[in-house]
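Below: entry-v7.cif (mmCIF, N, CA and C atoms and all ligand atoms)
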```cif
data_target
#
loop_
_atom_site.label_atom_id
_atom_site.label_comp_id
_atom_site.auth_asym_id
_atom_site.auth_seq_id
_atom_site.Cartn_x
_atom_site.Cartn_y
_atom_site.Cartn_z
N MET S 1 -14.29 -68.86 19.23
CA MET S 1 -14.36 -67.67 20.08
C MET S 1 -13.92 -66.42 19.31
N GLN S 2 -14.20 -66.41 18.01
CA GLN S 2 -13.76 -65.31 17.16
C GLN S 2 -14.31 -63.97 17.64
N GLU S 3 -15.53 -64.00 18.20
CA GLU S 3 -16.20 -62.74 18.53
C GLU S 3 -15.84 -62.21 19.92
N CYS S 4 -15.08 -62.97 20.68
CA CYS S 4 -14.76 -62.52 22.04
C CYS S 4 -13.80 -61.34 21.99
N ILE S 5 -14.23 -60.22 22.58
CA ILE S 5 -13.45 -58.99 22.50
C ILE S 5 -12.10 -59.12 23.20
N PHE S 6 -12.06 -59.88 24.30
CA PHE S 6 -10.78 -60.02 25.01
C PHE S 6 -9.84 -60.97 24.26
N CYS S 7 -10.39 -61.98 23.58
CA CYS S 7 -9.52 -62.81 22.72
C CYS S 7 -8.93 -61.94 21.60
N LYS S 8 -9.72 -61.01 21.10
CA LYS S 8 -9.21 -60.11 20.05
C LYS S 8 -8.08 -59.23 20.59
N ILE S 9 -8.22 -58.81 21.84
CA ILE S 9 -7.14 -58.02 22.46
C ILE S 9 -5.89 -58.88 22.62
N VAL S 10 -6.08 -60.13 23.05
CA VAL S 10 -4.93 -61.05 23.19
C VAL S 10 -4.22 -61.20 21.84
N ARG S 11 -5.00 -61.31 20.77
CA ARG S 11 -4.41 -61.50 19.43
C ARG S 11 -3.99 -60.17 18.79
N ARG S 12 -4.17 -59.10 19.52
CA ARG S 12 -3.81 -57.75 19.05
C ARG S 12 -4.63 -57.35 17.81
N GLU S 13 -5.83 -57.86 17.72
CA GLU S 13 -6.71 -57.46 16.61
C GLU S 13 -7.44 -56.16 16.92
N ILE S 14 -7.56 -55.87 18.22
CA ILE S 14 -7.99 -54.53 18.61
C ILE S 14 -7.00 -54.01 19.65
N PRO S 15 -6.80 -52.69 19.69
CA PRO S 15 -5.76 -52.15 20.57
C PRO S 15 -6.15 -52.15 22.04
N ALA S 16 -5.16 -52.19 22.88
CA ALA S 16 -5.36 -52.05 24.32
C ALA S 16 -4.07 -51.51 24.91
N ASP S 17 -4.22 -50.85 26.05
CA ASP S 17 -3.06 -50.30 26.75
C ASP S 17 -2.55 -51.39 27.71
N VAL S 18 -1.64 -52.20 27.19
CA VAL S 18 -1.16 -53.38 27.93
C VAL S 18 -0.12 -52.96 28.96
N VAL S 19 -0.31 -53.44 30.19
CA VAL S 19 0.65 -53.11 31.26
C VAL S 19 1.44 -54.33 31.72
N TYR S 20 1.00 -55.53 31.35
CA TYR S 20 1.72 -56.75 31.72
C TYR S 20 1.35 -57.85 30.73
N GLU S 21 2.34 -58.66 30.40
CA GLU S 21 2.07 -59.81 29.53
C GLU S 21 3.07 -60.91 29.81
N ASP S 22 2.58 -62.14 29.89
CA ASP S 22 3.46 -63.31 29.85
C ASP S 22 2.77 -64.36 28.98
N ASP S 23 3.26 -65.59 29.04
CA ASP S 23 2.70 -66.62 28.15
C ASP S 23 1.23 -66.91 28.42
N ASP S 24 0.81 -66.68 29.67
CA ASP S 24 -0.53 -67.12 30.09
C ASP S 24 -1.49 -65.98 30.39
N ILE S 25 -0.96 -64.81 30.66
CA ILE S 25 -1.77 -63.72 31.24
C ILE S 25 -1.52 -62.42 30.50
N LEU S 26 -2.60 -61.64 30.35
CA LEU S 26 -2.48 -60.29 29.81
C LEU S 26 -3.18 -59.33 30.78
N ALA S 27 -2.58 -58.18 31.00
CA ALA S 27 -3.20 -57.14 31.83
C ALA S 27 -3.19 -55.84 31.05
N PHE S 28 -4.36 -55.18 31.01
CA PHE S 28 -4.48 -53.95 30.22
C PHE S 28 -5.47 -53.01 30.90
N LYS S 29 -5.36 -51.73 30.58
CA LYS S 29 -6.22 -50.73 31.21
C LYS S 29 -7.66 -50.87 30.74
N ASP S 30 -8.60 -50.77 31.68
CA ASP S 30 -10.02 -50.81 31.33
C ASP S 30 -10.36 -49.57 30.49
N ILE S 31 -11.16 -49.77 29.46
CA ILE S 31 -11.51 -48.68 28.54
C ILE S 31 -12.43 -47.66 29.20
N ASN S 32 -13.10 -48.07 30.26
CA ASN S 32 -14.05 -47.19 30.95
C ASN S 32 -13.77 -47.24 32.46
N PRO S 33 -12.65 -46.61 32.86
CA PRO S 33 -12.18 -46.79 34.24
C PRO S 33 -13.14 -46.22 35.27
N VAL S 34 -13.27 -46.94 36.38
CA VAL S 34 -14.11 -46.48 37.49
C VAL S 34 -13.28 -45.92 38.64
N ALA S 35 -11.97 -45.89 38.45
CA ALA S 35 -11.05 -45.38 39.46
C ALA S 35 -9.77 -44.96 38.75
N PRO S 36 -8.91 -44.18 39.42
CA PRO S 36 -7.65 -43.75 38.77
C PRO S 36 -6.84 -44.93 38.25
N VAL S 37 -6.84 -46.04 38.98
CA VAL S 37 -6.23 -47.28 38.46
C VAL S 37 -7.35 -48.29 38.24
N HIS S 38 -7.50 -48.74 37.02
CA HIS S 38 -8.50 -49.78 36.71
C HIS S 38 -7.92 -50.63 35.58
N ILE S 39 -7.42 -51.78 35.98
CA ILE S 39 -6.74 -52.68 35.04
C ILE S 39 -7.47 -54.01 35.02
N LEU S 40 -7.55 -54.60 33.86
CA LEU S 40 -8.16 -55.92 33.72
C LEU S 40 -7.05 -56.96 33.55
N LEU S 41 -7.14 -58.04 34.32
CA LEU S 41 -6.20 -59.15 34.18
C LEU S 41 -6.97 -60.34 33.64
N ILE S 42 -6.46 -60.93 32.58
CA ILE S 42 -7.18 -62.06 31.96
C ILE S 42 -6.21 -63.21 31.67
N PRO S 43 -6.76 -64.45 31.70
CA PRO S 43 -5.98 -65.54 31.14
C PRO S 43 -5.99 -65.39 29.62
N LYS S 44 -4.89 -65.67 28.96
CA LYS S 44 -4.90 -65.58 27.50
C LYS S 44 -5.85 -66.61 26.89
N LYS S 45 -5.96 -67.73 27.56
CA LYS S 45 -6.88 -68.76 27.09
C LYS S 45 -8.32 -68.33 27.35
N HIS S 46 -9.18 -68.54 26.38
CA HIS S 46 -10.58 -68.18 26.57
C HIS S 46 -11.25 -69.13 27.55
N VAL S 47 -11.66 -68.58 28.68
CA VAL S 47 -12.50 -69.31 29.65
C VAL S 47 -13.62 -68.34 29.98
N ALA S 48 -14.87 -68.75 29.73
CA ALA S 48 -15.99 -67.80 29.79
C ALA S 48 -16.30 -67.33 31.21
N THR S 49 -16.42 -68.28 32.13
CA THR S 49 -16.78 -67.94 33.52
C THR S 49 -16.04 -68.88 34.47
N PHE S 50 -16.13 -68.59 35.76
CA PHE S 50 -15.51 -69.47 36.75
C PHE S 50 -16.07 -70.89 36.66
N PHE S 51 -17.31 -71.00 36.21
CA PHE S 51 -17.91 -72.33 36.11
C PHE S 51 -17.30 -73.16 34.98
N ASP S 52 -16.49 -72.52 34.15
CA ASP S 52 -15.90 -73.21 33.00
C ASP S 52 -14.41 -73.52 33.18
N ILE S 53 -13.89 -73.31 34.38
CA ILE S 53 -12.46 -73.54 34.61
C ILE S 53 -12.19 -75.05 34.66
N ALA S 54 -11.31 -75.51 33.76
CA ALA S 54 -10.92 -76.92 33.74
C ALA S 54 -9.75 -77.13 34.71
N ALA S 55 -9.57 -78.37 35.12
CA ALA S 55 -8.50 -78.67 36.09
C ALA S 55 -7.16 -78.17 35.57
N GLU S 56 -6.92 -78.36 34.28
CA GLU S 56 -5.60 -77.98 33.72
C GLU S 56 -5.40 -76.46 33.70
N ASP S 57 -6.48 -75.71 33.83
CA ASP S 57 -6.37 -74.25 33.78
C ASP S 57 -6.13 -73.63 35.16
N GLN S 58 -6.23 -74.44 36.20
CA GLN S 58 -6.21 -73.87 37.55
C GLN S 58 -4.93 -73.11 37.88
N PRO S 59 -3.75 -73.58 37.49
CA PRO S 59 -2.54 -72.84 37.88
C PRO S 59 -2.53 -71.38 37.45
N VAL S 60 -3.07 -71.07 36.29
CA VAL S 60 -3.02 -69.68 35.80
C VAL S 60 -3.85 -68.76 36.70
N PHE S 61 -4.90 -69.31 37.30
CA PHE S 61 -5.74 -68.46 38.15
C PHE S 61 -5.07 -68.15 39.48
N GLY S 62 -4.17 -69.01 39.91
CA GLY S 62 -3.35 -68.67 41.07
C GLY S 62 -2.32 -67.62 40.70
N LYS S 63 -1.72 -67.82 39.53
CA LYS S 63 -0.67 -66.90 39.07
C LYS S 63 -1.23 -65.49 38.87
N ILE S 64 -2.46 -65.39 38.42
CA ILE S 64 -3.06 -64.07 38.16
C ILE S 64 -3.04 -63.20 39.42
N GLN S 65 -3.24 -63.82 40.57
CA GLN S 65 -3.27 -63.03 41.80
C GLN S 65 -1.89 -62.48 42.15
N ALA S 66 -0.86 -63.27 41.89
CA ALA S 66 0.51 -62.77 42.12
C ALA S 66 0.84 -61.67 41.12
N VAL S 67 0.39 -61.84 39.88
CA VAL S 67 0.61 -60.80 38.87
C VAL S 67 -0.15 -59.53 39.25
N ALA S 68 -1.34 -59.68 39.77
CA ALA S 68 -2.13 -58.51 40.19
C ALA S 68 -1.36 -57.71 41.24
N ALA S 69 -0.76 -58.39 42.18
CA ALA S 69 0.01 -57.70 43.23
C ALA S 69 1.20 -56.97 42.61
N GLN S 70 1.86 -57.61 41.68
CA GLN S 70 3.02 -56.98 41.01
C GLN S 70 2.57 -55.74 40.24
N VAL S 71 1.48 -55.86 39.50
CA VAL S 71 0.98 -54.72 38.71
C VAL S 71 0.53 -53.60 39.66
N ALA S 72 -0.14 -53.98 40.75
CA ALA S 72 -0.60 -52.97 41.72
C ALA S 72 0.58 -52.18 42.27
N LYS S 73 1.66 -52.89 42.55
CA LYS S 73 2.88 -52.24 43.05
C LYS S 73 3.40 -51.25 42.01
N GLU S 74 3.44 -51.69 40.77
CA GLU S 74 3.94 -50.82 39.68
C GLU S 74 3.04 -49.60 39.49
N GLN S 75 1.77 -49.75 39.86
CA GLN S 75 0.82 -48.65 39.70
C GLN S 75 0.79 -47.74 40.94
N GLY S 76 1.68 -48.01 41.89
CA GLY S 76 1.80 -47.15 43.07
C GLY S 76 0.80 -47.44 44.17
N LEU S 77 0.26 -48.66 44.19
CA LEU S 77 -0.79 -48.99 45.15
C LEU S 77 -0.27 -49.81 46.34
N GLU S 78 1.04 -49.88 46.49
CA GLU S 78 1.60 -50.76 47.51
C GLU S 78 1.19 -50.35 48.92
N GLU S 79 1.03 -49.06 49.14
CA GLU S 79 0.69 -48.62 50.49
C GLU S 79 -0.82 -48.54 50.71
N LYS S 80 -1.52 -47.98 49.77
CA LYS S 80 -2.97 -47.76 49.94
C LYS S 80 -3.78 -49.04 49.70
N GLY S 81 -3.24 -49.93 48.87
CA GLY S 81 -3.96 -51.15 48.59
C GLY S 81 -4.85 -51.04 47.36
N PHE S 82 -5.54 -52.12 47.10
CA PHE S 82 -6.35 -52.19 45.88
C PHE S 82 -7.45 -53.24 46.07
N ARG S 83 -8.36 -53.27 45.14
CA ARG S 83 -9.39 -54.31 45.13
C ARG S 83 -9.24 -55.14 43.87
N LEU S 84 -9.38 -56.45 44.03
CA LEU S 84 -9.36 -57.37 42.90
C LEU S 84 -10.71 -58.06 42.88
N VAL S 85 -11.48 -57.84 41.82
CA VAL S 85 -12.85 -58.35 41.81
C VAL S 85 -13.19 -58.92 40.44
N ALA S 86 -13.97 -59.97 40.45
CA ALA S 86 -14.39 -60.59 39.19
C ALA S 86 -15.89 -60.85 39.26
N ASN S 87 -16.58 -60.46 38.24
CA ASN S 87 -18.02 -60.67 38.17
C ASN S 87 -18.30 -61.97 37.42
N CYS S 88 -19.17 -62.81 37.99
CA CYS S 88 -19.47 -64.10 37.36
C CYS S 88 -20.96 -64.16 37.03
N LEU S 89 -21.26 -64.15 35.76
CA LEU S 89 -22.61 -64.19 35.18
C LEU S 89 -23.30 -62.81 35.26
N GLU S 90 -24.33 -62.68 34.46
CA GLU S 90 -25.02 -61.38 34.30
C GLU S 90 -25.53 -60.85 35.63
N GLY S 91 -26.00 -61.74 36.49
CA GLY S 91 -26.56 -61.31 37.77
C GLY S 91 -25.56 -60.59 38.65
N ALA S 92 -24.27 -60.82 38.39
CA ALA S 92 -23.21 -60.16 39.16
C ALA S 92 -22.55 -59.04 38.35
N GLY S 93 -23.09 -58.78 37.14
CA GLY S 93 -22.55 -57.68 36.34
C GLY S 93 -21.56 -58.08 35.27
N GLN S 94 -21.41 -59.40 35.02
CA GLN S 94 -20.48 -59.81 33.96
C GLN S 94 -21.06 -59.47 32.60
N VAL S 95 -20.29 -58.73 31.83
CA VAL S 95 -20.70 -58.30 30.48
C VAL S 95 -19.85 -59.01 29.43
N VAL S 96 -18.56 -59.14 29.72
CA VAL S 96 -17.65 -59.82 28.79
C VAL S 96 -17.42 -61.24 29.30
N PHE S 97 -17.78 -62.21 28.46
CA PHE S 97 -17.70 -63.60 28.90
C PHE S 97 -16.36 -64.23 28.53
N HIS S 98 -15.32 -63.64 29.07
CA HIS S 98 -13.95 -64.15 29.08
C HIS S 98 -13.46 -63.71 30.46
N ILE S 99 -13.18 -64.66 31.33
CA ILE S 99 -12.87 -64.31 32.73
C ILE S 99 -11.87 -63.17 32.80
N HIS S 100 -12.20 -62.20 33.64
CA HIS S 100 -11.30 -61.08 33.87
C HIS S 100 -11.44 -60.60 35.29
N TYR S 101 -10.33 -60.16 35.84
CA TYR S 101 -10.28 -59.60 37.18
C TYR S 101 -10.07 -58.10 37.06
N HIS S 102 -10.91 -57.34 37.74
CA HIS S 102 -10.74 -55.89 37.80
C HIS S 102 -9.78 -55.57 38.95
N LEU S 103 -8.68 -54.93 38.63
CA LEU S 103 -7.77 -54.40 39.66
C LEU S 103 -8.09 -52.91 39.75
N VAL S 104 -8.63 -52.51 40.90
CA VAL S 104 -9.12 -51.15 41.06
C VAL S 104 -8.44 -50.50 42.26
N GLY S 105 -8.02 -49.25 42.09
CA GLY S 105 -7.42 -48.54 43.21
C GLY S 105 -7.15 -47.09 42.87
N GLY S 106 -6.53 -46.40 43.82
CA GLY S 106 -6.17 -45.01 43.60
C GLY S 106 -7.22 -44.04 44.11
N ARG S 107 -8.25 -44.58 44.74
CA ARG S 107 -9.26 -43.73 45.40
C ARG S 107 -9.83 -44.54 46.57
N GLU S 108 -10.62 -43.85 47.40
CA GLU S 108 -11.25 -44.54 48.53
C GLU S 108 -12.22 -45.58 48.00
N LEU S 109 -12.13 -46.81 48.50
CA LEU S 109 -13.01 -47.88 48.04
C LEU S 109 -13.91 -48.29 49.21
N THR S 110 -15.19 -48.24 48.97
CA THR S 110 -16.12 -48.59 50.04
C THR S 110 -16.42 -50.08 50.02
N TRP S 111 -16.86 -50.58 51.14
CA TRP S 111 -17.26 -51.98 51.26
C TRP S 111 -18.49 -52.06 52.13
N PRO S 112 -19.51 -52.83 51.80
CA PRO S 112 -19.58 -53.73 50.64
C PRO S 112 -19.84 -52.97 49.36
N PRO S 113 -19.48 -53.60 48.21
CA PRO S 113 -19.74 -52.97 46.92
C PRO S 113 -21.24 -52.99 46.64
N GLY S 114 -21.65 -52.20 45.68
CA GLY S 114 -23.07 -52.16 45.33
C GLY S 114 -23.55 -53.41 44.65
P1 LIG S 201 -17.57 -56.92 33.39
O1 LIG S 201 -18.77 -56.04 33.55
O2 LIG S 201 -17.77 -58.01 32.36
O3 LIG S 201 -17.05 -57.45 34.71
O4 LIG S 201 -16.40 -55.98 32.90
C1 LIG S 201 -16.11 -55.75 31.57
C2 LIG S 201 -15.13 -54.62 31.54
O5 LIG S 201 -14.47 -54.61 30.28
C3 LIG S 201 -15.77 -53.24 31.73
O6 LIG S 201 -15.19 -52.59 32.85
C4 LIG S 201 -15.48 -52.53 30.41
O7 LIG S 201 -15.20 -51.16 30.57
C5 LIG S 201 -14.27 -53.29 29.88
N1 LIG S 201 -14.17 -53.33 28.43
C6 LIG S 201 -15.15 -53.68 27.55
N2 LIG S 201 -14.70 -53.62 26.29
C7 LIG S 201 -13.38 -53.25 26.37
C8 LIG S 201 -12.38 -53.02 25.39
O8 LIG S 201 -12.58 -53.16 24.18
N3 LIG S 201 -11.16 -52.62 25.83
C9 LIG S 201 -10.89 -52.46 27.17
N4 LIG S 201 -9.66 -52.07 27.49
N5 LIG S 201 -11.82 -52.68 28.11
C10 LIG S 201 -13.05 -53.06 27.73
ZN ZN S 202 -12.11 -64.80 24.92
#
```

Could you spell out this file's structure in structure tokens?
Ligand code: 5GP
Ligand code: ZN
Amino acid sequence: MQECIFCKIVRREIPADVVYEDDDILAFKDINPVAPVHILLIPKKHVATFFDIAAEDQPVFGKIQAVAAQVAKEQGLEEKGFRLVANCLEGAGQVVFHIHYHLVGGRELTWPPG
């Protein structure tokens, strides 16, 4: 997975504005934000899509949601709320094939998304 851009960010081979890190998870600001707050949360382990999640990897995906709430709070979104969204495969807009959750907030968010 040498060419995976998010693995490179995990290994600090390319820079990112990291807002949270633990042994399993990294959260950093999206390079092309679509809202005042736009943070990506990723498992440090390379998993390409939801279809590739192994049984042993499942706990980290639960933990990511709790981390998202913590990061959202730190970003001042506790009252207004936020959206946590992940695109799976090209048809849904996935461009980077290392699972990532977009934490988006700080502006009015419409539903349903486009
Ligand atoms: P996707 O379309 O795969 O769900 O989302 C990929 C996201 O990764 C996009 O929002 C894009 O702006 C972001 N992104 C792509 N390359 C980089 C990068 O090198 N650094 C950061 N911080 N974000 C990136
Ligand atoms: Zn990767």

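All residues in chain S with a DSSP state of strand (DSSP E or B), computed from the backbone, read Val18, Val19, Tyr20, Glu21, Ile25, Leu26, Ala27, Phe28, Lys29, Val37, His38, Ile39, Leu40, Leu41, Ile42, Pro43, Arg83, Leu84, Val85, Tyr101, His102, Leu103, Val104 and Gly105 of chain S.
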
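In this comparison, which uses all atoms listed in the file, the residue of S:Arg11, S:Val37, S:Ile5, S:Pro112 approaching ligand ZN 202 (chain S) most closely is S:Ile5.
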
At most 7 Å from ligand ZN 202 (chain S) (only C-alpha atoms and all ligand atoms): residue list as an MDAnalysis selection string
chainID S and resid 1 4:7 45:48 97:98

Output of the above residues as a PDB file, in the coordinates of the input, restricted to N, CA and C atoms:
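See selection-v3.pdb below for the written result:
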```
ATOM      1  N   MET S   1     -14.290 -68.860  19.230  1.00  0.00           N
ATOM      2  CA  MET S   1     -14.360 -67.670  20.080  1.00  0.00           C
ATOM      3  C   MET S   1     -13.920 -66.420  19.310  1.00  0.00           C
ATOM      4  N   CYS S   4     -15.080 -62.970  20.680  1.00  0.00           N
ATOM      5  CA  CYS S   4     -14.760 -62.520  22.040  1.00  0.00           C
ATOM      6  C   CYS S   4     -13.800 -61.340  21.990  1.00  0.00           C
ATOM      7  N   ILE S   5     -14.230 -60.220  22.580  1.00  0.00           N
ATOM      8  CA  ILE S   5     -13.450 -58.990  22.500  1.00  0.00           C
ATOM      9  C   ILE S   5     -12.100 -59.120  23.200  1.00  0.00           C
ATOM     10  N   PHE S   6     -12.060 -59.880  24.300  1.00  0.00           N
ATOM     11  CA  PHE S   6     -10.780 -60.020  25.010  1.00  0.00           C
ATOM     12  C   PHE S   6      -9.840 -60.970  24.260  1.00  0.00           C
ATOM     13  N   CYS S   7     -10.390 -61.980  23.580  1.00  0.00           N
ATOM     14  CA  CYS S   7      -9.520 -62.810  22.720  1.00  0.00           C
ATOM     15  C   CYS S   7      -8.930 -61.940  21.600  1.00  0.00           C
ATOM     16  N   LYS S  45      -5.960 -67.730  27.560  1.00  0.00           N
ATOM     17  CA  LYS S  45      -6.880 -68.760  27.090  1.00  0.00           C
ATOM     18  C   LYS S  45      -8.320 -68.330  27.350  1.00  0.00           C
ATOM     19  N   HIS S  46      -9.180 -68.540  26.380  1.00  0.00           N
ATOM     20  CA  HIS S  46     -10.580 -68.180  26.570  1.00  0.00           C
ATOM     21  C   HIS S  46     -11.250 -69.130  27.550  1.00  0.00           C
ATOM     22  N   VAL S  47     -11.660 -68.580  28.680  1.00  0.00           N
ATOM     23  CA  VAL S  47     -12.500 -69.310  29.650  1.00  0.00           C
ATOM     24  C   VAL S  47     -13.620 -68.340  29.980  1.00  0.00           C
ATOM     25  N   ALA S  48     -14.870 -68.750  29.730  1.00  0.00           N
ATOM     26  CA  ALA S  48     -15.990 -67.800  29.790  1.00  0.00           C
ATOM     27  C   ALA S  48     -16.300 -67.330  31.210  1.00  0.00           C
ATOM     28  N   PHE S  97     -17.780 -62.210  28.460  1.00  0.00           N
ATOM     29  CA  PHE S  97     -17.700 -63.600  28.900  1.00  0.00           C
ATOM     30  C   PHE S  97     -16.360 -64.230  28.530  1.00  0.00           C
ATOM     31  N   HIS S  98     -15.320 -63.640  29.070  1.00  0.00           N
ATOM     32  CA  HIS S  98     -13.950 -64.150  29.080  1.00  0.00           C
ATOM     33  C   HIS S  98     -13.460 -63.710  30.460  1.00  0.00           C
TER      34      HIS S  98
END
```

Here's a test: counting all atoms listed in the file, identify every protein, DNA and RNA residue with an atom at most 5 Å from (-10.0, -53.6, 41.5) in the file's coordinate frame, and state them as a tab-separated table (two decimals) with N, CA and C atoms, in the coordinates of the input.
```tsv
chain	number	residue	atom	x	y	z
S	83	ARG	N	-8.36	-53.27	45.14
S	83	ARG	CA	-9.39	-54.31	45.13
S	83	ARG	C	-9.24	-55.14	43.87
S	84	LEU	N	-9.38	-56.45	44.03
S	84	LEU	CA	-9.36	-57.37	42.90
S	84	LEU	C	-10.71	-58.06	42.88
S	85	VAL	N	-11.48	-57.84	41.82
S	85	VAL	CA	-12.85	-58.35	41.81
S	85	VAL	C	-13.19	-58.92	40.44
S	102	HIS	N	-10.91	-57.34	37.74
S	102	HIS	CA	-10.74	-55.89	37.80
S	102	HIS	C	-9.78	-55.57	38.95
S	103	LEU	N	-8.68	-54.93	38.63
S	103	LEU	CA	-7.77	-54.40	39.66
S	103	LEU	C	-8.09	-52.91	39.75
S	104	VAL	N	-8.63	-52.51	40.90
S	104	VAL	CA	-9.12	-51.15	41.06
S	104	VAL	C	-8.44	-50.50	42.26
S	105	GLY	N	-8.02	-49.25	42.09
S	105	GLY	CA	-7.42	-48.54	43.21
S	105	GLY	C	-7.15	-47.09	42.87
```

Surrounding residues as a ChimeraX atom specification, ligand LIG 201 (chain S), max 6 Å, all atoms listed in the file
/S:16-17,28-33,86-87,93-97

Take the selection from the previous step and output its residues with N, CA and C atoms, as a PDB file, in the frame of the given file.
```pdb
ATOM      1  N   ALA S  16      -5.160 -52.190  22.880  1.00  0.00           N
ATOM      2  CA  ALA S  16      -5.360 -52.050  24.320  1.00  0.00           C
ATOM      3  C   ALA S  16      -4.070 -51.510  24.910  1.00  0.00           C
ATOM      4  N   ASP S  17      -4.220 -50.850  26.050  1.00  0.00           N
ATOM      5  CA  ASP S  17      -3.060 -50.300  26.750  1.00  0.00           C
ATOM      6  C   ASP S  17      -2.550 -51.390  27.710  1.00  0.00           C
ATOM      7  N   PHE S  28      -4.360 -55.180  31.010  1.00  0.00           N
ATOM      8  CA  PHE S  28      -4.480 -53.950  30.220  1.00  0.00           C
ATOM      9  C   PHE S  28      -5.470 -53.010  30.900  1.00  0.00           C
ATOM     10  N   LYS S  29      -5.360 -51.730  30.580  1.00  0.00           N
ATOM     11  CA  LYS S  29      -6.220 -50.730  31.210  1.00  0.00           C
ATOM     12  C   LYS S  29      -7.660 -50.870  30.740  1.00  0.00           C
ATOM     13  N   ASP S  30      -8.600 -50.770  31.680  1.00  0.00           N
ATOM     14  CA  ASP S  30     -10.020 -50.810  31.330  1.00  0.00           C
ATOM     15  C   ASP S  30     -10.360 -49.570  30.490  1.00  0.00           C
ATOM     16  N   ILE S  31     -11.160 -49.770  29.460  1.00  0.00           N
ATOM     17  CA  ILE S  31     -11.510 -48.680  28.540  1.00  0.00           C
ATOM     18  C   ILE S  31     -12.430 -47.660  29.200  1.00  0.00           C
ATOM     19  N   ASN S  32     -13.100 -48.070  30.260  1.00  0.00           N
ATOM     20  CA  ASN S  32     -14.050 -47.190  30.950  1.00  0.00           C
ATOM     21  C   ASN S  32     -13.770 -47.240  32.460  1.00  0.00           C
ATOM     22  N   PRO S  33     -12.650 -46.610  32.860  1.00  0.00           N
ATOM     23  CA  PRO S  33     -12.180 -46.790  34.240  1.00  0.00           C
ATOM     24  C   PRO S  33     -13.140 -46.220  35.270  1.00  0.00           C
ATOM     25  N   ALA S  86     -13.970 -59.970  40.450  1.00  0.00           N
ATOM     26  CA  ALA S  86     -14.390 -60.590  39.190  1.00  0.00           C
ATOM     27  C   ALA S  86     -15.890 -60.850  39.260  1.00  0.00           C
ATOM     28  N   ASN S  87     -16.580 -60.460  38.240  1.00  0.00           N
ATOM     29  CA  ASN S  87     -18.020 -60.670  38.170  1.00  0.00           C
ATOM     30  C   ASN S  87     -18.300 -61.970  37.420  1.00  0.00           C
ATOM     31  N   GLY S  93     -23.090 -58.780  37.140  1.00  0.00           N
ATOM     32  CA  GLY S  93     -22.550 -57.680  36.340  1.00  0.00           C
ATOM     33  C   GLY S  93     -21.560 -58.080  35.270  1.00  0.00           C
ATOM     34  N   GLN S  94     -21.410 -59.400  35.020  1.00  0.00           N
ATOM     35  CA  GLN S  94     -20.480 -59.810  33.960  1.00  0.00           C
ATOM     36  C   GLN S  94     -21.060 -59.470  32.600  1.00  0.00           C
ATOM     37  N   VAL S  95     -20.290 -58.730  31.830  1.00  0.00           N
ATOM     38  CA  VAL S  95     -20.700 -58.300  30.480  1.00  0.00           C
ATOM     39  C   VAL S  95     -19.850 -59.010  29.430  1.00  0.00           C
ATOM     40  N   VAL S  96     -18.560 -59.140  29.720  1.00  0.00           N
ATOM     41  CA  VAL S  96     -17.650 -59.820  28.790  1.00  0.00           C
ATOM     42  C   VAL S  96     -17.420 -61.240  29.300  1.00  0.00           C
ATOM     43  N   PHE S  97     -17.780 -62.210  28.460  1.00  0.00           N
ATOM     44  CA  PHE S  97     -17.700 -63.600  28.900  1.00  0.00           C
ATOM     45  C   PHE S  97     -16.360 -64.230  28.530  1.00  0.00           C
TER      46      PHE S  97
END
```

Do a neighbour search on Lys44 (chain S) at 10 Å with only C-alpha atoms, toss out local chain neighbours closer than 6 positions, and write the hits as a VMD selection string.
chain S and resid 6 to 7 9 to 11 21 to 27 60 98 to 99

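Atom N of Thr49 (chain S) is found 21.0 Å from CA of Ile14 (chain S).
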
Edge lengths and centre in Å, axis-aligned, region 75-92 of chain S plus 4 Å each side, as AutoDock Vina command-line options:
```
--center_x -12.4 --center_y -55.7 --center_z 42.5 --size_x 36.4 --size_y 25.0 --size_z 24.4
```

Nearest to Phe82 (chain S), chosen from S:Gln58, S:Glu13, S:Pro43, S:Arg107, with only N, CA and C atoms counted in the distances
S:Arg107

Pick out each residue of region 35-100 of chain S that DSSP on the backbone tags as alpha helix (DSSP H); I need them as a PyMOL selection string.
chain S and resi 58-74

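If all atoms listed in the file are the atoms counted, then among S:Glu90, S:Leu41, S:Thr110, S:Val18 the closest residue to Val67 (chain S) is S:Leu41.
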
Point (-3.1, -57.3, 39.1) neighbourhood (7 Å, all atoms listed in the file) written as a PyMOL selection string
chain S and resi 39-41+64-72+102-103

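Between atom C of Asp52 (chain S) and CA of Leu89 (chain S) the separation is 12.6 Å.
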
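Using only N, CA and C atoms, the nearest neighbour of Gly106 (chain S) within the list S:Gly81, S:Lys73, S:Ala92, S:Glu56 is S:Gly81.
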
Using Å and a single decimal, report how far CA of Phe51 (chain S) sits from CA of Cys88 (chain S).
8.5 Å
